[in-house]
Amino acid sequence: MVTNDATILRLKHDVLYEVAKAAWEGNLDEKREQIPYAMIPGPQAIYRCCIYKEREIIRQRVRLAEGKCPTGKDISNVVQVINAACEECPIASYIVTDNCRKCMGKACQNSCNFGAISMGRERAYIEPGKCKECGKCSQACPYNAIAHLERPCKKICPVDAITYDEYGICVIDEKKCIQCGACIHSCPFGALGSKTFMVDVINALKSDKKGYVIAAPATEGQFGANITMGSWKKAMQEVGFNGFIEAGLGGDMTAASEAAEWVEAYKAGEKKVTSCCPGFVNMVRLHFPEMADKISTTISPMCAVSRMIKAQDPDAVTVFVGPCVAKKSEVVDQKIEGNADYVLTYSEMRAIMSAKGVELQPSDTSYQESSVYGKRFANSGGVTAAVVESMKEMEAGIEPKVCKANGAAECRKFLMLMKAGKLPDDFIEGMACEGGCVGGPSSFNDMLVTKKFRDELLQKADDRQILDNLKNYHMETFSMHREEE
């Protein structure tokens, strides 16, 4: 999911760059309060009503970039509301438009059971404090004069986790939020964002510990056909990381482990759901807690690669880079042993790179560390294809029926069927983002644009098999399950 609002993106990226630059220079404490004034010098406002509001928004964004809550409150949620920016949306969901003829029938007023509609001088009026947003007035109006204005953030939230306070400021219900990040780029005022680990990562790179980057399988194609995993590997070395591994390798690891787990469950007549998408896992745990035991115990590709690295170097700092906001919650909330220490989106890592003067450069496709199945973990249906391929390679002798839930709405639908005992399939592959990880909220490019480049790059991948590929790694040195066996 990519926003079309260049102004919001530019503002966000400028803040990330300024914070990253100050962190590299070691003077963030001194520059923290100067950044809003440097970015909004005045005296004329650029985006909002006044420079004071603009500076407050920058100040809150700086806190987010530091991994803190924008308003100073102790809220654990990764996705946060930038209160200063969330003031322009209409409080009322239903409003009367100019189409109103103030007719004698007063169908709207008669249909309202809450006394929220009165007749003004020129048109009907809906009192926000009394309106229950049932929509009956809109349905009753013969002129279609009553419009339903649903806030973009609330409309796109797949789990109804967004409400508003008495001032109309967005409020996120942490007990419902699956941290998918869909709301972030839906807001036309840039009033939603996520905490970042940028400062932590920069401080780790400046320490004596070795740092490793794990790049999401969705990375290939995001930046064009000539920016390969090799391009990223070289750039990460220039930034100061000691190593780079594509998470597609972890996809191979997860596929092989999940295949064995599915075979066992299939023979026992048990249904399972995938565990690699943290947004989907959060949905199961928060909204279908009675089915939490159906989640595969196999760890995600990110965690698999991180464990492999830490099996060789326990003090290593592992950093995952990708288009996923929910991956941050996998690190913060799930607290799986050996998982990645930090997660960065592409924009956050690019801010770190820009502050160091590093850019991605074209490279060939000689660096390959995973099968094409591991690479396709980022696409909806890719996990299923990899697991089924692993079953074939291990000669499991079964052909399971897998439900491929593409997007949060489908995930919710099929989980409800499973809960009711009406799911005909054996397993559910859940992807909270439509299209899979390639459609993540922090993707660098539009999914349709990326597809062309991605297909071109994946066609150049070699034909290694999953199990043969894993023979090149010391799989016996770490566990592939959440609970150590």
# chains A, B, ... in the order shown; residues from 1 in each chain; ligands from 1

call {"tool": "residues_around", "arguments": {"residues": "Ile184 (chain A)", "least_positions_apart": "4", "cutoff": "10 Å", "atoms": "only C-alpha atoms", "output": "tab-separated table (two decimals) with C-alpha atoms, in the first residue's frame"}}
result
chain	number	residue	atom	x	y	z
A	1	MET	CA	0.00	0.00	0.00
A	3	THR	CA	0.12	6.71	-0.47
A	79	VAL	CA	0.97	2.12	15.52
A	80	GLN	CA	0.41	5.55	17.05
A	81	VAL	CA	-1.80	8.60	16.57
A	152	PRO	CA	-10.39	6.88	5.92
A	153	CYS	CA	-8.58	5.38	8.93
A	156	ILE	CA	-9.77	0.78	6.18
A	157	CYS	CA	-9.25	-0.80	9.62
A	180	CYS	CA	-1.14	-4.17	10.28
A	188	PRO	CA	-4.77	12.20	4.21
A	189	PHE	CA	-3.38	14.32	7.05
A	190	GLY	CA	-0.54	11.98	8.01
A	191	ALA	CA	-1.95	11.68	11.52
A	192	LEU	CA	-0.93	8.04	12.00
A	193	GLY	CA	2.54	6.55	12.14
A	194	SER	CA	4.59	3.80	13.71
A	325	VAL	CA	4.70	-2.60	10.14
A	441	PRO	CA	1.78	-0.64	4.21
A	442	SER	CA	5.40	0.53	3.93

call {"tool": "residues_around", "arguments": {"residues": "region 384-386 of chain A", "least_positions_apart": "4", "cutoff": "7 Å", "atoms": "only C-alpha atoms", "output": "number ranges by chain"}}
result
A: 255, 373-374, 390, 429

call {"tool": "write_last_selection", "arguments": {"atoms": "C-alpha atoms", "output": "PDB file, in the first residue's frame"}}
result
ATOM      1  CA  ALA A 255       8.493 -24.032   4.535  1.00  0.00           C
ATOM      2  CA  TYR A 373       9.826 -20.644  -3.380  1.00  0.00           C
ATOM      3  CA  GLY A 374      11.451 -18.843  -0.468  1.00  0.00           C
ATOM      4  CA  SER A 390       8.570 -29.184   0.613  1.00  0.00           C
ATOM      5  CA  GLU A 429      -2.499 -19.402   4.816  1.00  0.00           C
TER       6      GLU A 429
END

call {"tool": "residues_around", "arguments": {"residues": "region 26-36 of chain A", "least_positions_apart": "6", "cutoff": "10 Å", "atoms": "only C-alpha atoms", "output": "PyMOL selection string"}}
result
chain A and resi 14-15+18-20+51-52+54-63+66+199+202-203+206

call {"tool": "residues_around", "arguments": {"residues": "Cys86 (chain A)", "least_positions_apart": "4", "cutoff": "7 Å", "atoms": "only C-alpha atoms", "output": "list in words"}}
result
Ile82, Ile169, Cys170 and Ala191 of chain A

call {"tool": "write_last_selection", "arguments": {"atoms": "C-alpha atoms", "output": "mmCIF file, in the first residue's frame"}}
result
data_model
loop_
_atom_site.group_PDB
_atom_site.id
_atom_site.type_symbol
_atom_site.label_atom_id
_atom_site.label_comp_id
_atom_site.auth_asym_id
_atom_site.auth_seq_id
_atom_site.Cartn_x
_atom_site.Cartn_y
_atom_site.Cartn_z
ATOM 1 C CA ILE A 82 -0.091 11.957 15.982
ATOM 2 C CA ILE A 169 -9.221 12.739 17.735
ATOM 3 C CA CYS A 170 -8.520 9.194 16.560
ATOM 4 C CA ALA A 191 -1.947 11.678 11.523
#

call {"tool": "atom_distance", "arguments": {"atom1": "CA of Glu270 (chain A)", "atom2": "CA of Leu417 (chain A)"}}
result
14.8 Å

call {"tool": "select_by_dssp", "arguments": {"residues": "region 46-258 of chain A", "states": "alpha helix (DSSP H)", "output": "PyMOL selection string"}}
result
chain A and resi 51-65+107-111+136-140+152-156+198-205+229-239+248-258

call {"tool": "closest_residue", "arguments": {"among": "A:Ile40, A:Gly440, A:Ser257, A:Tyr125", "to": "Ala326 (chain A)", "atoms": "only C-alpha atoms"}}
result
A:Gly440

call {"tool": "closest_residue", "arguments": {"among": "A:Ala145, A:Leu9, A:Leu360, A:Met447", "to": "Glu238 (chain A)", "atoms": "only C-alpha atoms"}}
result
A:Leu360

call {"tool": "residues_around", "arguments": {"residues": "region 356-358 of chain A", "least_positions_apart": "2", "cutoff": "10 Å", "atoms": "only C-alpha atoms", "output": "count of residues only"}}
result
19

call {"tool": "residues_around", "arguments": {"residues": "region 286-302 of chain A", "least_positions_apart": "2", "cutoff": "9 Å", "atoms": "only C-alpha atoms", "output": "PDB file with C-alpha atoms, in the first residue's frame"}}
result
ATOM      1  CA  VAL A 159     -10.850  -5.117  12.894  1.00  0.00           C
ATOM      2  CA  LYS A 175      -7.090  -4.806  22.495  1.00  0.00           C
ATOM      3  CA  LYS A 176      -8.321  -4.920  18.899  1.00  0.00           C
ATOM      4  CA  CYS A 177      -5.459  -3.474  16.815  1.00  0.00           C
ATOM      5  CA  ILE A 178      -3.552  -6.136  14.846  1.00  0.00           C
ATOM      6  CA  ILE A 214      17.786  -9.627   7.046  1.00  0.00           C
ATOM      7  CA  ALA A 215      15.982  -8.342   3.941  1.00  0.00           C
ATOM      8  CA  ALA A 216      12.347  -9.311   3.386  1.00  0.00           C
ATOM      9  CA  ALA A 247      14.945 -13.646   4.354  1.00  0.00           C
ATOM     10  CA  GLY A 248      13.974 -15.888   1.443  1.00  0.00           C
ATOM     11  CA  LEU A 249      16.418 -18.347   2.998  1.00  0.00           C
ATOM     12  CA  GLY A 250      14.284 -18.192   6.108  1.00  0.00           C
ATOM     13  CA  GLY A 251      11.312 -18.848   3.835  1.00  0.00           C
ATOM     14  CA  ASP A 252      12.920 -22.125   2.814  1.00  0.00           C
ATOM     15  CA  MET A 253      13.530 -22.959   6.471  1.00  0.00           C
ATOM     16  CA  THR A 254       9.965 -22.124   7.485  1.00  0.00           C
ATOM     17  CA  ALA A 255       8.493 -24.032   4.535  1.00  0.00           C
ATOM     18  CA  SER A 257       9.518 -27.011   9.096  1.00  0.00           C
ATOM     19  CA  GLU A 258       5.878 -26.143   8.455  1.00  0.00           C
ATOM     20  CA  GLU A 261       4.182 -29.881  11.038  1.00  0.00           C
ATOM     21  CA  TRP A 262       1.319 -29.907   8.539  1.00  0.00           C
ATOM     22  CA  GLU A 270      -6.150 -31.281  12.893  1.00  0.00           C
ATOM     23  CA  LYS A 271      -6.464 -27.940  11.130  1.00  0.00           C
ATOM     24  CA  LYS A 272      -3.678 -25.365  11.285  1.00  0.00           C
ATOM     25  CA  VAL A 273      -3.025 -21.739  10.294  1.00  0.00           C
ATOM     26  CA  THR A 274       0.263 -20.201   9.187  1.00  0.00           C
ATOM     27  CA  SER A 275       2.503 -18.232  11.544  1.00  0.00           C
ATOM     28  CA  CYS A 276       4.708 -16.085   9.280  1.00  0.00           C
ATOM     29  CA  CYS A 277       2.397 -13.031   8.935  1.00  0.00           C
ATOM     30  CA  PRO A 278       2.355 -11.194  12.293  1.00  0.00           C
ATOM     31  CA  VAL A 281      -1.198 -13.994  14.004  1.00  0.00           C
ATOM     32  CA  ASN A 282      -2.303 -10.892  15.930  1.00  0.00           C
ATOM     33  CA  MET A 283      -5.798 -11.277  14.469  1.00  0.00           C
ATOM     34  CA  VAL A 284      -6.026 -14.869  15.649  1.00  0.00           C
ATOM     35  CA  ALA A 304      14.655 -18.374  11.454  1.00  0.00           C
ATOM     36  CA  VAL A 305      17.492 -16.370   9.886  1.00  0.00           C
ATOM     37  CA  SER A 306      18.009 -14.424  13.111  1.00  0.00           C
ATOM     38  CA  ARG A 307      18.335 -17.661  15.099  1.00  0.00           C
ATOM     39  CA  PHE A 320      14.933  -6.990   9.581  1.00  0.00           C
ATOM     40  CA  LYS A 327       6.813  -7.164  12.000  1.00  0.00           C
ATOM     41  CA  ILE A 336      10.141 -14.977  20.612  1.00  0.00           C
ATOM     42  CA  ASN A 339      14.059 -13.280  16.958  1.00  0.00           C
ATOM     43  CA  ALA A 340      15.337 -10.170  15.172  1.00  0.00           C
ATOM     44  CA  GLY A 374      11.451 -18.843  -0.468  1.00  0.00           C
ATOM     45  CA  PHE A 377       6.901 -16.111   0.408  1.00  0.00           C
ATOM     46  CA  ARG A 412     -11.348 -12.810   9.222  1.00  0.00           C
ATOM     47  CA  LEU A 415     -11.176 -17.795  10.584  1.00  0.00           C
ATOM     48  CA  MET A 416     -14.884 -17.411  11.360  1.00  0.00           C
ATOM     49  CA  MET A 418     -12.904 -22.424  10.989  1.00  0.00           C
ATOM     50  CA  LYS A 419     -14.291 -21.341  14.354  1.00  0.00           C
ATOM     51  CA  SER A 479      15.163 -24.725  16.745  1.00  0.00           C
ATOM     52  CA  MET A 480      12.537 -23.885  14.117  1.00  0.00           C
ATOM     53  CA  HIS A 481       9.715 -23.696  16.662  1.00  0.00           C
ATOM     54  CA  ARG A 482       8.464 -21.011  19.039  1.00  0.00           C
ATOM     55  CA  GLU A 483       8.743 -23.280  22.058  1.00  0.00           C
TER      56      GLU A 483
END

call {"tool": "closest_residue", "arguments": {"among": "A:Ile117, A:Ala225, A:Val387, A:Ala85", "to": "Gln459 (chain A)", "atoms": "only C-alpha atoms"}}
result
A:Ala225
